[in-house]
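*Asks:* data-v4.csv is reproduced in full below (CSV, C-alpha atoms).
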```csv
chain,number,residue,atom,x,y,z
A,1,MET,CA,-7.5,43.6,-4.2
A,2,GLY,CA,-8.0,40.9,-6.9
A,3,GLU,CA,-5.4,38.6,-5.3
A,4,LYS,CA,-7.2,38.8,-1.9
A,5,LYS,CA,-10.5,37.7,-3.5
A,6,ARG,CA,-8.8,34.8,-5.3
A,7,LYS,CA,-7.4,33.5,-2.0
A,8,GLU,CA,-10.8,33.7,-0.3
A,9,ASN,CA,-12.6,31.9,-3.1
A,10,SER,CA,-10.1,29.1,-3.6
A,11,LYS,CA,-10.6,26.0,-1.6
A,12,PRO,CA,-7.8,23.4,-1.0
A,13,VAL,CA,-8.0,20.8,-3.6
A,14,PHE,CA,-6.8,17.3,-3.0
A,15,VAL,CA,-4.8,15.6,-5.8
A,16,PHE,CA,-6.9,12.4,-5.5
A,17,GLY,CA,-10.5,11.7,-4.7
A,18,LYS,CA,-12.0,9.8,-1.8
A,19,LYS,CA,-12.2,6.6,-3.9
A,20,ASN,CA,-8.5,6.9,-4.7
A,21,TYR,CA,-7.4,7.2,-1.1
A,22,LYS,CA,-9.6,4.3,-0.1
A,23,PHE,CA,-7.8,2.0,-2.6
A,24,MET,CA,-4.4,3.4,-1.5
A,25,PHE,CA,-5.1,2.5,2.1
A,26,ILE,CA,-6.3,-1.0,1.0
A,27,GLY,CA,-3.1,-1.4,-1.0
A,28,LEU,CA,-0.9,-0.3,1.9
A,29,ALA,CA,-2.7,-2.7,4.3
A,30,ILE,CA,-2.1,-5.6,1.9
A,31,ILE,CA,1.6,-4.7,1.5
A,32,ALA,CA,2.0,-4.5,5.3
A,33,LEU,CA,0.3,-7.8,5.7
A,34,GLY,CA,2.7,-9.3,3.2
A,35,PHE,CA,5.7,-8.0,5.1
A,36,ILE,CA,4.3,-9.2,8.4
A,37,LEU,CA,3.7,-12.7,7.0
A,38,MET,CA,7.3,-12.7,5.7
A,39,ALA,CA,8.8,-11.9,9.1
A,40,GLY,CA,10.0,-14.5,11.5
A,41,GLY,CA,11.5,-18.0,11.1
A,42,GLY,CA,14.8,-17.2,12.5
A,43,SER,CA,16.7,-19.3,15.0
A,44,ASP,CA,17.8,-18.2,18.5
A,45,ASP,CA,21.0,-20.3,18.1
A,46,PRO,CA,23.1,-19.4,15.0
A,47,ASN,CA,24.5,-22.9,14.9
A,48,VAL,CA,21.1,-24.5,14.5
A,49,PHE,CA,19.4,-24.4,11.1
A,50,ASN,CA,15.7,-23.7,11.1
A,51,PRO,CA,13.9,-25.0,7.9
A,52,GLU,CA,10.9,-22.7,8.6
A,53,ILE,CA,12.6,-20.0,6.5
A,54,PHE,CA,11.6,-22.0,3.4
A,55,ASN,CA,8.0,-22.2,4.5
A,56,TRP,CA,5.3,-21.8,1.7
A,57,ARG,CA,4.0,-18.7,3.5
A,58,ARG,CA,7.4,-16.9,3.3
A,59,ILE,CA,8.4,-18.0,-0.2
A,60,ARG,CA,5.1,-17.8,-2.1
A,61,LEU,CA,2.3,-16.1,-0.2
A,62,SER,CA,4.1,-13.0,1.1
A,63,PRO,CA,5.7,-11.8,-2.1
A,64,THR,CA,2.5,-12.4,-4.0
A,65,LEU,CA,0.5,-10.3,-1.5
A,66,ILE,CA,3.2,-7.5,-1.7
A,67,LEU,CA,3.0,-7.5,-5.5
A,68,ILE,CA,-0.8,-7.5,-5.4
A,69,GLY,CA,-0.6,-4.5,-3.0
A,70,PHE,CA,1.6,-2.6,-5.3
A,71,GLY,CA,-0.8,-3.4,-8.2
A,72,ILE,CA,-3.6,-1.9,-6.1
A,73,GLN,CA,-1.5,1.2,-5.5
A,74,ILE,CA,-0.9,1.7,-9.2
A,75,TYR,CA,-4.6,1.2,-9.8
A,76,ALA,CA,-5.5,3.7,-7.1
A,77,ILE,CA,-3.1,6.3,-8.7
A,78,LEU,CA,-4.5,5.8,-12.2
A,79,LEU,CA,-8.2,5.6,-11.1
A,80,ASN,CA,-10.3,8.5,-12.3
A,81,PRO,CA,-12.5,9.4,-9.3
A,82,GLU,CA,-15.0,11.3,-11.3
A,83,LYS,CA,-16.4,8.2,-13.1
```
Would you give me this structure, written as structure tokens?
*Replies:*
Amino acid sequence: MGEKKRKENSKPVFVFGKKNYKFMFIGLAIIALGFILMAGGGSDDPNVFNPEIFNWRRIRLSPTLILIGFGIQIYAILLNPEK
């Protein structure tokens, strides 16, 4: 009987709060943007070199965005939603 009451009174509790999930989705979006910016730059002909693979966007911007996204993910995990 007591076990039945406990099941009725207990609500599903999420591990993180709404604020945490919001930051997690922002971090995931920034990581995805970084990988999208890193894509491309290949050549259709393997005998022709395409110098676009050494573009500033692929070498500096994309990895920076990915690292910022991972930093936001860590912040979202450590954030206390009750404050």
*Asks:* Please build the interface table for range 15-34 of chain A against range 60-77 of chain A with a cut-off of 7 Å, listing for each qualifying residue the nearest atom pair and the distance in Å to one decimal; count only C-alpha atoms, order rows by chain and increasing number, and write it as a tab-separated table.
*Replies:*
```
residue	atom	partner	partner_atom	distance
A:Asn20	CA	A:Ala76	CA	5.0
A:Phe23	CA	A:Ala76	CA	5.3
A:Met24	CA	A:Gln73	CA	5.4
A:Gly27	CA	A:Gly69	CA	4.5
A:Leu28	CA	A:Gly69	CA	6.5
A:Ile30	CA	A:Gly69	CA	5.2
A:Ile31	CA	A:Ile66	CA	4.5
A:Gly34	CA	A:Ser62	CA	4.5
```
*Asks:* What is the CA of Leu79 in chain A to CA of Ala29 in chain A distance in Å?
*Replies:*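 Going from CA of Leu79 in chain A over to CA of Ala29 in chain A, I get 18.3 Å.
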*Asks:* Smallest atom-to-atom distance to Arg57 in chain A: which of A:Val15, A:Leu78, A:Ile26, A:Leu33, using only C-alpha atoms?
*Replies:* A:Leu33
*Asks:* For a test of reading the model, state the distance in Å between CA of Met38 in chain A and CA of Lys22 in chain A, rounded to one decimal.
*Replies:*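 Result for CA of Met38 in chain A versus CA of Lys22 in chain A: 24.7 Å, one decimal.
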*Asks:* What does the distance between CA of Phe54 in chain A and CA of Leu37 in chain A come to in Å, to one decimal place?
*Replies:* 12.7 Å
